[in-house]
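So this one's query-v1.txt, compact mmCIF, C-alpha atoms:
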# COMPACT_ATOMS: atom_id res chain seq x y z
CA MET V 79 78.24 29.05 100.76
CA ARG V 80 77.53 32.76 101.10
CA ARG V 81 76.85 34.71 97.97
CA THR V 82 78.64 37.98 97.28
CA SER V 83 76.22 40.89 97.47
CA PHE V 84 76.14 43.30 94.54
CA ALA V 85 73.52 45.54 96.19
CA ASN V 86 75.95 48.43 96.70
CA TRP V 87 77.99 48.09 93.52
CA PRO V 88 78.02 51.20 91.31
CA CYS V 89 76.23 49.33 88.53
CA SER V 90 72.49 48.96 87.98
CA ILE V 91 72.99 45.61 86.22
CA ALA V 92 74.84 44.22 89.24
CA ARG V 93 72.23 45.63 91.63
CA THR V 94 69.42 44.07 89.56
CA MET V 95 71.19 40.71 89.56
CA ASP V 96 71.57 40.99 93.33
CA LEU V 97 67.82 41.46 93.63
CA LEU V 98 67.07 38.58 91.26
CA GLY V 99 69.55 36.35 93.04
CA ASP V 100 68.89 33.18 91.03
CA TRP V 101 66.94 31.76 88.10
CA TRP V 102 63.71 31.24 90.09
CA THR V 103 63.04 34.92 90.79
CA PRO V 104 62.56 36.04 87.17
CA LEU V 105 60.40 32.96 86.58
CA VAL V 106 58.20 33.87 89.56
CA LEU V 107 57.87 37.36 88.06
CA ARG V 108 57.08 35.85 84.65
CA GLU V 109 54.23 33.87 86.20
CA ALA V 110 52.96 37.02 87.93
CA PHE V 111 52.85 38.74 84.50
CA TYR V 112 50.96 35.71 83.17
CA GLY V 113 48.33 36.37 85.84
CA VAL V 114 49.31 33.92 88.58
CA THR V 115 48.70 35.37 92.05
CA ARG V 116 48.35 32.42 94.43
CA PHE V 117 51.14 30.50 96.14
CA ASP V 118 49.83 27.09 95.07
CA ALA V 119 49.49 28.23 91.46
CA PHE V 120 53.07 29.54 91.40
CA GLN V 121 54.24 26.25 92.87
CA GLN V 122 52.24 24.17 90.40
CA GLU V 123 53.27 26.14 87.31
CA LEU V 124 56.96 26.26 88.19
CA GLY V 125 57.45 22.93 89.97
CA ILE V 126 59.51 24.85 92.53
CA ALA V 127 60.04 23.63 96.10
CA ARG V 128 57.61 25.30 98.49
CA ASN V 129 60.35 26.66 100.76
CA THR V 130 62.24 28.11 97.79
CA LEU V 131 59.05 29.72 96.47
CA ALA V 132 58.25 31.16 99.90
CA ASP V 133 61.74 32.70 100.05
CA ARG V 134 61.44 34.21 96.55
CA LEU V 135 57.97 35.63 97.17
CA ARG V 136 59.11 37.10 100.50
CA ARG V 137 62.09 38.76 98.80
CA LEU V 138 59.92 40.18 96.00
CA VAL V 139 57.47 41.57 98.57
CA ASP V 140 60.31 43.00 100.69
CA GLU V 141 61.83 44.63 97.60
CA GLY V 142 58.47 46.12 96.57
CA LEU V 143 57.91 44.20 93.31
CA LEU V 144 54.96 42.23 94.68
CA GLU V 145 52.32 43.14 97.23
CA LYS V 146 50.57 40.64 99.49
CA ARG V 147 46.79 41.02 99.55
CA PRO V 148 44.75 38.76 101.83
CA TYR V 149 41.95 36.86 100.12
CA GLN V 150 41.09 34.48 102.97
CA SER V 151 41.20 34.94 106.74
CA ASP V 152 40.95 31.44 108.23
CA PRO V 153 43.62 30.36 107.53
CA VAL V 154 45.16 33.57 106.24
CA ARG V 155 46.08 33.30 102.58
CA HIS V 156 47.37 35.95 100.21
CA ASP V 157 47.42 36.89 96.58
CA TYR V 158 50.77 38.16 95.31
CA VAL V 159 50.10 41.11 93.03
CA LEU V 160 52.58 43.10 90.95
CA THR V 161 53.24 46.63 92.18
CA GLU V 162 54.20 49.54 89.92
CA LYS V 163 57.85 48.62 90.51
CA GLY V 164 57.06 45.01 89.62
CA ARG V 165 55.09 45.93 86.50
CA ASP V 166 58.03 48.08 85.41
CA PHE V 167 60.14 44.89 85.30
CA PHE V 168 58.16 43.75 82.25
CA GLY V 169 60.65 45.36 79.88
CA VAL V 170 63.45 43.22 81.32
CA LEU V 171 61.45 40.03 80.86
CA ALA V 172 60.35 41.08 77.37
CA ALA V 173 63.98 41.73 76.38
CA MET V 174 65.02 38.33 77.75
CA ASN V 175 62.16 36.68 75.86
CA SER V 176 63.09 38.46 72.64
CA TRP V 177 66.75 37.47 72.93
CA GLY V 178 65.83 33.88 73.81
CA ASN V 179 63.43 33.64 70.88
CA ARG V 180 66.16 34.81 68.53
CA TRP V 181 69.04 32.71 69.83
CA LEU V 182 67.63 29.74 71.78
CA SER V 183 64.37 28.74 70.06
CA GLY V 184 65.58 25.86 67.94
CA ASP V 185 63.87 24.41 64.88
CA ASP V 186 60.33 24.61 66.29
CA GLY V 187 60.47 28.39 66.63
CA ALA V 188 59.71 30.71 69.51
CA PRO V 189 57.91 29.05 72.42
CA VAL V 190 56.25 32.30 73.57
CA VAL V 191 55.57 35.48 71.62
CA PHE V 192 53.99 38.64 72.93
CA ARG V 193 50.95 40.21 71.31
CA HIS V 194 50.81 43.98 71.54
CA GLU V 195 47.12 44.48 72.23
CA PRO V 196 46.77 48.11 71.04
CA CYS V 197 47.84 47.20 67.48
CA GLY V 198 46.90 43.51 67.55
CA HIS V 199 50.25 42.25 66.30
CA ASP V 200 52.77 39.81 67.72
CA SER V 201 55.89 41.75 68.53
CA ALA V 202 59.26 41.58 70.25
CA ALA V 203 61.04 43.90 72.62
CA GLU V 204 63.58 46.28 71.14
CA VAL V 205 65.93 48.60 72.93
CA VAL V 206 65.58 52.12 71.58
CA CYS V 207 66.94 55.46 72.66
CA ALA V 208 64.45 57.23 74.91
CA HIS V 209 65.41 60.53 73.24
CA CYS V 210 65.50 59.86 69.47
CA LYS V 211 63.69 56.48 69.40
CA GLU V 212 66.44 54.94 67.23
CA PRO V 213 67.64 51.40 68.07
CA MET V 214 70.48 51.16 70.58
CA THR V 215 73.18 48.59 69.88
CA ALA V 216 76.41 47.68 71.62
CA ALA V 217 78.30 49.11 68.63
CA ASP V 218 76.81 52.61 68.97
CA THR V 219 76.27 52.93 72.71
CA ARG V 220 78.81 53.67 75.45
CA PRO V 221 78.29 53.80 79.19
CA ARG V 222 78.80 57.09 80.99
CA MET V 223 79.30 57.66 84.68
CA GLY V 224 76.00 58.78 86.15
CA PRO V 225 75.48 61.14 89.07
CA GLY V 226 75.49 58.20 91.49
CA PHE V 227 78.86 56.84 90.40
CA PRO V 228 81.28 56.87 93.36
CA ALA V 229 83.80 59.72 93.16
CA ARG V 230 86.55 57.49 94.61
CA LEU V 231 86.24 55.21 91.57
CA ALA V 232 85.77 58.03 89.06
CA GLU V 233 89.19 59.38 90.02
CA ARG V 234 90.96 56.22 88.81
CA ALA V 235 92.26 56.44 85.21
CA GLU V 236 91.65 52.74 84.50
CA VAL V 237 88.02 53.15 85.56
CA ARG V 238 87.51 56.41 83.61
CA SER V 239 88.85 54.75 80.44
CA ARG V 240 85.85 52.37 80.38
CA PHE V 241 83.34 55.23 80.20
CA ALA V 242 82.42 57.91 77.67
CA GLU V 243 83.01 61.54 78.59
Once you've parsed the file, please lay out its structure as structure tokens.
Amino acid sequence: MRRTSFANWPCSIARTMDLLGDWWTPLVLREAFYGVTRFDAFQQELGIARNTLADRLRRLVDEGLLEKRPYQSDPVRHDYVLTEKGRDFFGVLAAMNSWGNRWLSGDDGAPVVFRHEPCGHDSAAEVVCAHCKEPMTAADTRPRMGPGFPARLAERAEVRSRFAE
């Protein structure tokens, strides 16, 4: 069955989900943040089928989140290293981890916490306003049409009603 592409939707959440594609892709990125760089190590840590892993790594390289760097020439083997674009995805994973720790941990508590090395404390991701640094919540935040929002959709009253002026 073919999957609907969200790559051209006027929504960054939809476009990000199109890139992620499935549950394996964020887990591959998680392992890259944990320091895994080799195909066999990804496969071992995730228990993912080799062909599925190869597809996910190829997609992440094609999309510029990972870079292939050869470490052996005969046979050719590569490390998969996070790029700037890939490293910038950390905030997404940290937010998912924070939400999961709060709502899905169970009686044993959080399975993984993040230590913020500069201050030496365990911490959790929070979404704050980039301007005033105050927390952003669903109750006090509304979407606005950005400069890339399609004019043909912005003209529709039912679409405009979903967005702040």
Next item on the list: Select all residues near (80.7, 57.6, 78.9) (cut-off 10 Å, inclusive, file coordinates), counting all atoms listed in the file, and output them as a PyMOL selection string.
Entry: chain V and resi 219-224+238-243
Expected file contents, prior selection, C-alpha atoms, as a PDB file, in the frame of the given file:
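Everything below was put into part-v5.pdb:
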ATOM      1  CA  THR V 219      76.270  52.930  72.710  1.00  0.00           C
ATOM      2  CA  ARG V 220      78.810  53.670  75.450  1.00  0.00           C
ATOM      3  CA  PRO V 221      78.290  53.800  79.190  1.00  0.00           C
ATOM      4  CA  ARG V 222      78.800  57.090  80.990  1.00  0.00           C
ATOM      5  CA  MET V 223      79.300  57.660  84.680  1.00  0.00           C
ATOM      6  CA  GLY V 224      76.000  58.780  86.150  1.00  0.00           C
ATOM      7  CA  ARG V 238      87.510  56.410  83.610  1.00  0.00           C
ATOM      8  CA  SER V 239      88.850  54.750  80.440  1.00  0.00           C
ATOM      9  CA  ARG V 240      85.850  52.370  80.380  1.00  0.00           C
ATOM     10  CA  PHE V 241      83.340  55.230  80.200  1.00  0.00           C
ATOM     11  CA  ALA V 242      82.420  57.910  77.670  1.00  0.00           C
ATOM     12  CA  GLU V 243      83.010  61.540  78.590  1.00  0.00           C
TER      13      GLU V 243
END
Next item on the list: To one decimal in Å, tell me the separation between atom CA of V:Gly99 and atom CA of V:Arg81.
Entry: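 Spanning atom CA of V:Gly99 to atom CA of V:Arg81 is a straight-line distance of 9.0 Å.
Counting all atoms listed in the file, the residue from V:Pro189, V:Gly169, V:Gly125, V:Gly142 that sits nearest to V:Val206 is V:Gly169.
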Item checked: Separation of atom CA of V:Leu182 from atom CA of V:Ala216 in Å ->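 If I compute the distance from atom CA of V:Ala216 to atom CA of V:Leu182, I get 20.0 Å.
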Note to self: I'd like the contact shell of stretch 149-165 of chain V - 10 Å cut-off, all atoms listed in the file, skipping same-chain residues fewer than 6 positions apart - returned as number ranges by chain.
What the structure shows: V: 107, 110-111, 113-117, 120, 135-136, 138-139, 141-143
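With atom CA of V:Asp200 on one side and atom CA of V:Leu124 on the other, the separation reads 24.9 Å.
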Near V:Asp96, within 9 Å and counting all atoms listed in the file, which residues show up once chain neighbours fewer than 5 positions away are dropped, as an mmCIF file with C-alpha atoms, in the coordinates of the input?
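Output contents, as saved in out-v1.cif:
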data_model
loop_
_atom_site.group_PDB
_atom_site.id
_atom_site.type_symbol
_atom_site.label_atom_id
_atom_site.label_comp_id
_atom_site.auth_asym_id
_atom_site.auth_seq_id
_atom_site.Cartn_x
_atom_site.Cartn_y
_atom_site.Cartn_z
ATOM 1 C CA THR V 82 78.640 37.980 97.280
ATOM 2 C CA SER V 83 76.220 40.890 97.470
ATOM 3 C CA PHE V 84 76.140 43.300 94.540
ATOM 4 C CA ALA V 85 73.520 45.540 96.190
ATOM 5 C CA ILE V 91 72.990 45.610 86.220
#
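Using only C-alpha atoms, the smallest distance between any of V:Pro228, V:Gly178, V:Gly198, V:Gly187 and V:Asn86 comes from V:Pro228.
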Next item on the list: Could you check which of V:Val106, V:Asp166, V:Asp218, V:Asp133 is closest to V:Gln121, using only C-alpha atoms?
Entry: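 Of V:Val106, V:Asp166, V:Asp218, V:Asp133, the one nearest V:Gln121, counting only C-alpha atoms, is V:Val106.
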Note to self: Env of V:Val170: 12 Å cut, atoms = only C-alpha atoms, seq-sep filter 4 positions within chain, self excluded. Answer as a list of chain:residue names.
What the structure shows: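 That gives V:Ile91, V:Thr94, V:Met95, V:Leu98, V:Pro104, V:Leu105, V:Leu107, V:Arg108, V:Phe111, V:Gly164, V:Arg165, V:Asp166, V:Met174, V:Asn175, V:Ser176, V:Trp177, V:Ala202, V:Ala203, V:Glu204, V:Val205.
Around V:Ala188, within 8 Å and counting only C-alpha atoms, the residues found are Asn179, Arg180 and Ser183 of chain V, once anything fewer than 5 positions away on its own chain is removed.
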